[in-house]
>>> print(open('final.cif').read())   # mmCIF, C-alpha atoms
data_protein
loop_
_atom_site.label_atom_id
_atom_site.label_comp_id
_atom_site.auth_asym_id
_atom_site.auth_seq_id
_atom_site.Cartn_x
_atom_site.Cartn_y
_atom_site.Cartn_z
CA MET Z 234 -5.46 44.36 68.14
CA PRO Z 235 -7.04 41.24 66.61
CA HIS Z 236 -4.76 38.94 64.60
CA LEU Z 237 -6.06 38.21 61.11
CA LYS Z 238 -5.27 34.72 59.86
CA GLN Z 239 -4.38 34.57 56.21
CA ILE Z 240 -6.48 32.08 54.28
CA VAL Z 241 -4.44 29.62 52.22
CA HIS Z 242 -6.21 28.30 49.16
CA LYS Z 243 -5.35 24.69 48.44
CA GLU Z 244 -6.00 22.75 45.26
CA PRO Z 245 -8.51 19.93 45.55
CA LEU Z 246 -6.77 16.60 46.07
CA TRP Z 247 -8.26 15.17 42.90
CA LYS Z 248 -6.25 17.67 40.83
CA GLU Z 249 -2.99 16.54 42.41
CA TRP Z 250 -3.90 12.90 41.94
CA ASP Z 251 -4.88 13.53 38.30
CA ARG Z 252 -1.55 15.26 37.68
CA LYS Z 253 0.35 12.33 39.14
CA ALA Z 254 -1.65 9.90 37.04
CA ASP Z 255 -1.01 11.86 33.83
CA LYS Z 256 1.36 9.88 31.62
CA ARG Z 257 4.25 11.96 30.28
CA GLY Z 258 7.69 11.06 28.95
CA VAL Z 259 8.95 7.48 28.87
CA HIS Z 260 6.90 4.92 30.79
CA HIS Z 261 7.14 1.25 31.36
CA THR Z 262 4.45 -0.97 29.89
CA VAL Z 263 0.89 0.25 30.36
CA TYR Z 264 -1.83 -2.42 30.29
CA TRP Z 265 -5.49 -2.11 29.31
CA PRO Z 266 -8.26 -4.30 30.77
CA ASN Z 267 -9.00 -5.74 27.29
CA GLY Z 268 -5.46 -7.12 26.97
CA ASN Z 269 -3.87 -4.30 24.92
CA GLN Z 270 -0.51 -3.01 26.07
CA TYR Z 271 1.85 -0.19 25.13
CA THR Z 272 5.47 0.56 25.92
CA GLY Z 273 7.03 3.87 24.96
CA ASP Z 274 6.73 7.64 25.03
CA TRP Z 275 3.73 9.63 26.25
CA SER Z 276 2.63 13.26 26.16
CA ASN Z 277 -0.48 14.70 27.84
CA ASN Z 278 -1.73 11.20 28.56
CA LEU Z 279 -1.47 10.21 24.87
CA ARG Z 280 0.96 7.91 23.07
CA HIS Z 281 3.42 10.34 21.51
CA GLY Z 282 6.93 9.65 20.26
CA LYS Z 283 8.43 6.17 19.90
CA GLY Z 284 6.53 3.18 21.16
CA THR Z 285 5.29 -0.37 20.71
CA GLN Z 286 1.62 -1.34 20.91
CA TYR Z 287 0.16 -4.84 21.20
CA TRP Z 288 -3.52 -5.53 20.67
CA ASP Z 289 -5.46 -8.36 22.25
CA ASP Z 290 -5.49 -10.32 18.96
CA GLY Z 291 -1.67 -10.35 18.87
CA THR Z 292 -1.23 -7.56 16.29
CA MET Z 293 1.85 -5.45 16.99
CA TYR Z 294 2.86 -1.95 15.88
CA ASP Z 295 6.34 -0.60 16.51
CA GLY Z 296 7.19 2.95 15.48
CA ASP Z 297 6.20 6.60 15.71
CA TRP Z 298 3.12 8.01 17.44
CA GLU Z 299 1.54 11.44 17.45
CA HIS Z 300 -1.27 12.49 19.78
CA GLY Z 301 -2.39 8.91 20.33
CA GLN Z 302 -2.30 7.83 16.69
CA ARG Z 303 0.24 6.05 14.51
CA SER Z 304 2.02 8.83 12.59
CA GLY Z 305 5.51 8.85 11.13
CA PHE Z 306 7.37 5.63 10.35
CA GLY Z 307 6.41 2.25 11.76
CA THR Z 308 5.96 -1.46 11.22
CA LEU Z 309 2.76 -3.46 11.63
CA SER Z 310 3.13 -7.19 12.33
CA VAL Z 311 0.76 -10.08 13.03
CA PRO Z 312 1.31 -13.52 14.61
CA GLU Z 313 2.46 -16.21 12.21
CA ASN Z 314 0.01 -18.64 13.79
CA SER Z 315 -2.88 -17.22 15.79
CA ASP Z 316 -3.50 -20.63 17.42
CA THR Z 317 -0.24 -20.55 19.33
CA VAL Z 318 0.67 -18.54 22.41
CA LEU Z 319 3.53 -16.23 21.42
CA LYS Z 320 6.28 -14.72 23.51
CA ARG Z 321 6.11 -11.04 22.77
CA PRO Z 322 9.36 -9.20 21.96
CA GLY Z 323 10.69 -7.47 25.02
CA THR Z 324 9.47 -10.20 27.37
CA PRO Z 325 11.74 -12.98 28.68
CA GLY Z 326 12.47 -15.22 25.72
CA GLY Z 327 10.74 -12.86 23.32
CA GLY Z 328 13.61 -11.65 21.13
CA SER Z 329 12.78 -9.86 17.89
CA ALA Z 330 9.38 -9.79 16.21
CA GLU Z 331 10.44 -12.39 13.63
CA SER Z 332 11.97 -14.73 16.21
CA ALA Z 333 8.88 -14.37 18.41
CA GLY Z 334 6.67 -15.74 15.63
CA TYR Z 335 5.52 -12.53 13.97
CA ARG Z 336 5.48 -11.61 10.30
CA ARG Z 337 5.49 -8.11 8.88
CA VAL Z 338 2.32 -6.86 7.24
CA TYR Z 339 3.33 -3.27 6.53
CA THR Z 340 6.36 -1.10 7.06
CA GLY Z 341 6.56 2.55 6.07
CA GLY Z 342 4.78 5.85 6.53
CA TRP Z 343 1.71 6.50 8.68
CA LYS Z 344 -0.57 9.45 9.27
CA SER Z 345 -3.59 9.65 11.58
CA ASP Z 346 -3.56 5.86 12.14
CA LYS Z 347 -3.56 5.10 8.38
CA ARG Z 348 -0.91 4.01 5.88
CA HIS Z 349 0.26 7.23 4.28
CA GLY Z 350 3.34 8.17 2.29
CA PHE Z 351 5.82 5.56 1.06
CA GLY Z 352 5.56 2.04 2.41
CA THR Z 353 5.63 -1.68 1.71
CA GLN Z 354 2.63 -3.98 2.23
CA PHE Z 355 3.13 -7.76 2.46
CA TYR Z 356 0.19 -9.96 1.44
CA ASP Z 357 -0.72 -13.53 2.35
CA ALA Z 358 0.28 -15.09 -0.99
CA PRO Z 359 3.97 -16.11 -1.06
CA GLY Z 360 6.12 -13.47 -2.76
CA GLU Z 361 3.24 -11.01 -3.11
CA TYR Z 362 3.89 -7.46 -1.90
CA TYR Z 363 3.47 -3.80 -2.83
CA GLU Z 364 6.00 -1.02 -2.45
CA GLY Z 365 5.09 2.53 -3.26
CA GLU Z 366 2.94 5.46 -2.26
CA TRP Z 367 -0.14 5.40 -0.03
CA TYR Z 368 -2.92 7.84 0.75
CA ARG Z 369 -5.22 7.19 3.71
CA ASN Z 370 -4.76 3.41 3.73
CA LYS Z 371 -5.03 3.03 -0.07
CA ARG Z 372 -2.41 2.61 -2.77
CA CYS Z 373 -2.26 5.97 -4.50
CA GLY Z 374 0.48 7.56 -6.60
CA TRP Z 375 3.45 5.59 -7.93
CA GLY Z 376 3.99 1.98 -6.88
CA ARG Z 377 5.22 -1.45 -7.80
CA MET Z 378 3.15 -4.59 -7.11
CA TYR Z 379 4.66 -8.08 -7.14
CA TYR Z 380 2.06 -10.83 -7.52
CA GLY Z 381 2.17 -14.44 -6.38
CA ASP Z 382 2.14 -15.71 -9.99
CA GLU Z 383 5.49 -13.92 -10.58
CA SER Z 384 3.94 -11.12 -12.62
CA GLU Z 385 4.49 -7.51 -11.57
CA TYR Z 386 2.97 -4.09 -12.18
CA GLU Z 387 4.77 -0.78 -12.04
CA GLY Z 388 3.03 2.53 -12.52
CA GLU Z 389 0.29 4.79 -11.24
CA TRP Z 390 -2.35 3.92 -8.65
CA ASP Z 391 -5.50 5.63 -7.46
CA ASN Z 392 -8.09 4.54 -4.90
CA ASP Z 393 -6.18 1.27 -4.30
CA LYS Z 394 -6.38 0.26 -8.00
CA ARG Z 395 -4.19 0.51 -11.09
CA ASN Z 396 -5.17 3.81 -12.68
CA GLY Z 397 -3.12 5.86 -15.14
CA GLN Z 398 0.08 4.96 -16.96
CA GLY Z 399 1.73 1.69 -16.10
CA MET Z 400 3.47 -1.49 -17.17
CA ILE Z 401 2.53 -5.06 -16.29
CA ARG Z 402 5.06 -7.82 -16.91
CA LEU Z 403 3.98 -11.46 -16.97
CA ALA Z 404 5.99 -14.41 -15.69
CA ASN Z 405 7.13 -15.23 -19.25
CA ASP Z 406 8.42 -11.63 -19.69
CA ASN Z 407 5.60 -10.61 -22.05
CA ARG Z 408 4.45 -7.17 -21.04
CA TYR Z 409 1.84 -4.48 -21.55
CA GLU Z 410 2.71 -0.78 -21.47
CA GLY Z 411 -0.07 1.75 -21.56
CA THR Z 412 -3.12 3.11 -19.80
CA PHE Z 413 -5.04 1.49 -16.96
CA ASN Z 414 -8.44 2.30 -15.51
CA ASN Z 415 -10.11 0.67 -12.52
CA ASP Z 416 -7.46 -2.10 -12.40
CA MET Z 417 -7.90 -2.98 -16.12
CA LYS Z 418 -6.10 -2.20 -19.37
CA HIS Z 419 -8.12 0.67 -20.81
CA GLY Z 420 -7.08 3.09 -23.54
CA GLU Z 421 -3.99 3.15 -25.73
CA GLY Z 422 -1.25 0.64 -25.10
CA LYS Z 423 1.34 -1.74 -26.47
CA PHE Z 424 1.59 -5.45 -25.74
CA TYR Z 425 4.99 -7.04 -26.31
CA PHE Z 426 4.78 -10.77 -27.08
CA LEU Z 427 8.47 -11.38 -26.53
CA ASP Z 428 8.05 -15.15 -26.48
CA ARG Z 429 6.91 -15.22 -30.12
CA GLY Z 430 8.45 -11.97 -31.39
CA GLN Z 431 5.41 -9.76 -31.97
CA LEU Z 432 4.23 -6.32 -30.91
CA MET Z 433 0.59 -5.29 -30.72
CA HIS Z 434 -0.22 -1.57 -30.64
CA GLY Z 435 -3.87 -0.72 -30.09
CA TYR Z 436 -6.69 0.28 -27.78
CA TRP Z 437 -8.21 -1.62 -24.89
CA VAL Z 438 -11.62 -1.33 -23.24
CA ASN Z 439 -12.11 -2.96 -19.84
CA ASP Z 440 -9.11 -5.29 -20.30
CA ILE Z 441 -10.14 -6.36 -23.83
CA SER Z 442 -8.25 -5.37 -26.97
CA LYS Z 443 -10.79 -3.79 -29.31
CA CYS Z 444 -8.59 -2.71 -32.22
CA SER Z 445 -4.90 -3.09 -32.85
CA ASN Z 446 -2.04 -3.37 -35.31
CA VAL Z 447 0.31 -6.36 -34.90
CA ILE Z 448 3.83 -6.43 -36.32
CA ASP Z 449 6.89 -8.63 -35.95
CA PHE Z 450 9.23 -7.48 -33.16
CA ASN Z 451 12.62 -9.10 -32.48
CA ARG Z 452 11.32 -12.27 -34.08
CA ASP Z 453 14.84 -13.56 -34.76
CA THR Z 454 15.68 -13.67 -31.04
CA ALA Z 455 12.29 -14.85 -29.75
CA PRO Z 456 12.37 -18.23 -27.94
CA GLU Z 457 9.22 -19.49 -29.70
CA PRO Z 458 8.76 -17.42 -32.87
CA THR Z 459 5.76 -17.88 -35.15
CA GLN Z 460 6.25 -20.20 -38.12
CA TYR Z 461 5.88 -17.41 -40.64
CA PRO Z 462 6.50 -13.67 -40.41
CA LEU Z 463 3.50 -11.38 -40.51
CA PRO Z 464 2.70 -9.87 -43.92
CA GLU Z 465 3.21 -6.16 -44.34
CA VAL Z 466 0.14 -3.96 -43.88
CA THR Z 467 -0.69 -2.40 -47.26
CA LEU Z 468 -3.50 -0.09 -46.24
CA LYS Z 469 -2.98 3.44 -47.47
CA GLU Z 470 -3.50 4.99 -44.03
CA PRO Z 471 -3.42 2.22 -41.39
CA ASN Z 472 -3.00 4.66 -38.53
CA MET Z 473 -6.17 6.50 -39.54
CA VAL Z 474 -8.11 3.22 -39.64
CA LEU Z 475 -6.85 2.39 -36.17
CA TYR Z 476 -7.68 5.85 -34.89
CA GLU Z 477 -11.26 5.76 -36.23
CA ALA Z 478 -11.83 2.32 -34.72
CA LYS Z 479 -10.49 3.60 -31.42
CA GLU Z 480 -12.88 6.55 -31.44
CA ILE Z 481 -15.86 4.24 -31.94
CA HIS Z 482 -14.92 1.79 -29.20
CA MET Z 483 -13.85 4.41 -26.67
CA GLU Z 484 -17.09 6.34 -27.22
CA ASN Z 485 -19.15 3.18 -26.71
CA ALA Z 486 -17.21 2.46 -23.51
CA LEU Z 487 -18.64 5.63 -21.97
CA TYR Z 488 -22.18 4.27 -22.11
#
>>> encode(input="final.cif", output="structure tokens")
Amino acid sequence: MPHLKQIVHKEPLWKEWDRKADKRGVHHTVYWPNGNQYTGDWSNNLRHGKGTQYWDDGTMYDGDWEHGQRSGFGTLSVPENSDTVLKRPGTPGGGSAESAGYRRVYTGGWKSDKRHGFGTQFYDAPGEYYEGEWYRNKRCGWGRMYYGDESEYEGEWDNDKRNGQGMIRLANDNRYEGTFNNDMKHGEGKFYFLDRGQLMHGYWVNDISKCSNVIDFNRDTAPEPTQYPLPEVTLKEPNMVLYEAKEIHMENALY
């Protein structure tokens, strides 16, 4: 009786090699030909989990990854001086990002490789930074911006600009509280001149006060009060005059 040999089906070698090359779990540093490098978690050959990425220009990201993109919480840093050769953190003599000559640019939430959620952005000007909400790499929602001239804005943002209700305080503590549009005072608002003890309530169009009512406000405690107090408004209906002027200017602003 003839003996039948059972045929054994084997996988092609390339499939085994591909499986061995697939990056999963925690790996040591992986280098790219262009100079990029990544150290951290992998899943299905994609950066996934916790990890640190360096780009060829020296930019560094340390934080969460999801399916090959920055998602979760992380910190983006850049070299303090791009003309110097830096020792990267994790290498001999590298230390922390700050000690290695890096400065933080952004720390906070990420989604799909973009700033998203709550985070803090540090700008080039000394003392200038933003902390608040982000949406797809733009300031959007509530946030507080500290400017290099020591003024600050707190309020609503949309499309990376001041839009909605907010308050801007100047270095001398004078402040504006009201509506913003496209990064400018626009609509109803109040400007407190605390240095001279006056309050202006009115309507702005494209950062310019078009109509307002000015009264004395805490004049007795102001550091540089006006020489004389403001006379009392004797119009029969001052609020109606202000309202009608507002309607005219706001209507013209639409054209």
>>> resolve_selection(input="final.cif", expression="the PyMOL selection byres ((chain Z and resi 384) around 7)", output="list in words")
Tyr379, Tyr380, Asp382, Glu383, Glu385, Arg402, Leu403 and Ala404 of chain Z
>>> atom_distance(input="final.cif", atom1="atom CA of Z:Lys243", atom2="atom CA of Z:Ser276")
26.3 Å
>>> atom_distance(input="final.cif", atom1="atom CA of Z:Gly420", atom2="atom CA of Z:Gly376")
20.0 Å
>>> closest_residue(input="final.cif", among="Z:Val259, Z:Leu279, Z:Ile401, Z:Ala478", to="Z:Ser442", atoms="only C-alpha atoms")
Z:Ala478
>>> closest_residue(input="final.cif", among="Z:Tyr461, Z:Tyr436, Z:Tyr335, Z:Trp375", to="Z:Glu313", atoms="all atoms listed in the file")
Z:Tyr335
>>> atom_distance(input="final.cif", atom1="atom CA of Z:Thr272", atom2="atom CA of Z:Lys371")
28.1 Å
>>> closest_residue(input="final.cif", among="Z:His419, Z:Arg369, Z:Arg408, Z:His434", to="Z:Lys347", atoms="only C-alpha atoms")
Z:Arg369
>>> residues_near_point(input="final.cif", point="(-10.4, 0.5, -30.0)", cutoff="7 Å", atoms="all atoms listed in the file", output="list in words")
Gly435, Tyr436, Trp437, Ser442, Lys443, Cys444, Ala478, Lys479, Glu480, Ile481, His482 and Met483 of chain Z
>>> write_last_selection(input="final.cif", atoms="C-alpha atoms", output="CSV table (one decimal), in the coordinates of the input")
chain,number,residue,atom,x,y,z
Z,435,GLY,CA,-3.9,-0.7,-30.1
Z,436,TYR,CA,-6.7,0.3,-27.8
Z,437,TRP,CA,-8.2,-1.6,-24.9
Z,442,SER,CA,-8.2,-5.4,-27.0
Z,443,LYS,CA,-10.8,-3.8,-29.3
Z,444,CYS,CA,-8.6,-2.7,-32.2
Z,478,ALA,CA,-11.8,2.3,-34.7
Z,479,LYS,CA,-10.5,3.6,-31.4
Z,480,GLU,CA,-12.9,6.6,-31.4
Z,481,ILE,CA,-15.9,4.2,-31.9
Z,482,HIS,CA,-14.9,1.8,-29.2
Z,483,MET,CA,-13.8,4.4,-26.7
>>> resolve_selection(input="final.cif", expression="the PyMOL selection byres ((chain Z and resi 299) around 10)", output="list in words")
Asp274, Trp275, Ser276, Leu279, Arg280, His281, Gly282, Lys283, Asp297, Trp298, His300, Gly301, Gln302, Arg303, Ser304, Gly305, Lys344, Ser345 and Asp346 of chain Z
>>> closest_residue(input="final.cif", among="Z:Glu361, Z:Asp290, Z:Gly397, Z:Gly296", to="Z:Asn314", atoms="all atoms listed in the file")
Z:Asp290
>>> resolve_selection(input="final.cif", expression="the PyMOL selection byres ((chain Z and resi 414) around 10)", output="list in words")
Trp390, Asp391, Lys394, Arg395, Asn396, Gly397, Gln398, Thr412, Phe413, Asn415, Asp416, Met417, Lys418, His419, Gly420, Val438, Asn439 and Asp440 of chain Z
>>> write_last_selection(input="final.cif", atoms="C-alpha atoms", output="PDB file, in the coordinates of the input")
ATOM      1  CA  TRP Z 390      -2.350   3.920  -8.650  1.00  0.00           C
ATOM      2  CA  ASP Z 391      -5.500   5.630  -7.460  1.00  0.00           C
ATOM      3  CA  LYS Z 394      -6.380   0.260  -8.000  1.00  0.00           C
ATOM      4  CA  ARG Z 395      -4.190   0.510 -11.090  1.00  0.00           C
ATOM      5  CA  ASN Z 396      -5.170   3.810 -12.680  1.00  0.00           C
ATOM      6  CA  GLY Z 397      -3.120   5.860 -15.140  1.00  0.00           C
ATOM      7  CA  GLN Z 398       0.080   4.960 -16.960  1.00  0.00           C
ATOM      8  CA  THR Z 412      -3.120   3.110 -19.800  1.00  0.00           C
ATOM      9  CA  PHE Z 413      -5.040   1.490 -16.960  1.00  0.00           C
ATOM     10  CA  ASN Z 415     -10.110   0.670 -12.520  1.00  0.00           C
ATOM     11  CA  ASP Z 416      -7.460  -2.100 -12.400  1.00  0.00           C
ATOM     12  CA  MET Z 417      -7.900  -2.980 -16.120  1.00  0.00           C
ATOM     13  CA  LYS Z 418      -6.100  -2.200 -19.370  1.00  0.00           C
ATOM     14  CA  HIS Z 419      -8.120   0.670 -20.810  1.00  0.00           C
ATOM     15  CA  GLY Z 420      -7.080   3.090 -23.540  1.00  0.00           C
ATOM     16  CA  VAL Z 438     -11.620  -1.330 -23.240  1.00  0.00           C
ATOM     17  CA  ASN Z 439     -12.110  -2.960 -19.840  1.00  0.00           C
ATOM     18  CA  ASP Z 440      -9.110  -5.290 -20.300  1.00  0.00           C
TER      19      ASP Z 440
END
>>> residues_around(input="final.cif", residues="stretch 336-340 of chain Z", least_positions_apart="6", cutoff="6 Å", atoms="only C-alpha atoms", output="ChimeraX atom specification")
/Z:307-311,313,352-355
>>> write_last_selection(input="final.cif", atoms="C-alpha atoms", output="mmCIF file, in the frame of the given file")
data_model
loop_
_atom_site.group_PDB
_atom_site.id
_atom_site.type_symbol
_atom_site.label_atom_id
_atom_site.label_comp_id
_atom_site.auth_asym_id
_atom_site.auth_seq_id
_atom_site.Cartn_x
_atom_site.Cartn_y
_atom_site.Cartn_z
ATOM 1 C CA GLY Z 307 6.410 2.250 11.760
ATOM 2 C CA THR Z 308 5.960 -1.460 11.220
ATOM 3 C CA LEU Z 309 2.760 -3.460 11.630
ATOM 4 C CA SER Z 310 3.130 -7.190 12.330
ATOM 5 C CA VAL Z 311 0.760 -10.080 13.030
ATOM 6 C CA GLU Z 313 2.460 -16.210 12.210
ATOM 7 C CA GLY Z 352 5.560 2.040 2.410
ATOM 8 C CA THR Z 353 5.630 -1.680 1.710
ATOM 9 C CA GLN Z 354 2.630 -3.980 2.230
ATOM 10 C CA PHE Z 355 3.130 -7.760 2.460
#
>>> residues_around(input="final.cif", residues="Z:Arg429", least_positions_apart="4", cutoff="6 Å", atoms="all atoms listed in the file", output="list in words")
Ala455, Glu457, Pro458 and Thr459 of chain Z
>>> closest_residue(input="final.cif", among="Z:Asp449, Z:Asp406, Z:Glu364, Z:Glu477", to="Z:Gly342", atoms="all atoms listed in the file")
Z:Glu364
>>> closest_residue(input="final.cif", among="Z:Gly365, Z:Val263, Z:Gly268, Z:Asp393", to="Z:Thr285", atoms="only C-alpha atoms")
Z:Val263
>>> residues_around(input="final.cif", residues="Z:Tyr271", least_positions_apart="5", cutoff="8 Å", atoms="all atoms listed in the file", output="compact mmCIF listing (two decimals) with C-alpha atoms, in the frame of the given file")
# COMPACT_ATOMS: atom_id res chain seq x y z
CA THR Z 262 4.45 -0.97 29.89
CA VAL Z 263 0.89 0.25 30.36
CA TYR Z 264 -1.83 -2.42 30.29
CA GLY Z 284 6.53 3.18 21.16
CA THR Z 285 5.29 -0.37 20.71
CA GLN Z 286 1.62 -1.34 20.91
CA TYR Z 287 0.16 -4.84 21.20
>>> axis_aligned_box(input="final.cif", around="stretch 430-434 of chain Z", padding_each_side="5 Å", output="AutoDock Vina command-line options")
--center_x 4.1 --center_y -6.8 --center_z -31.3 --size_x 18.7 --size_y 20.4 --size_z 11.3
>>> residues_around(input="final.cif", residues="Z:Leu463", least_positions_apart="3", cutoff="10 Å", atoms="all atoms listed in the file", output="ChimeraX atom specification")
/Z:431,447-449,459-460,466
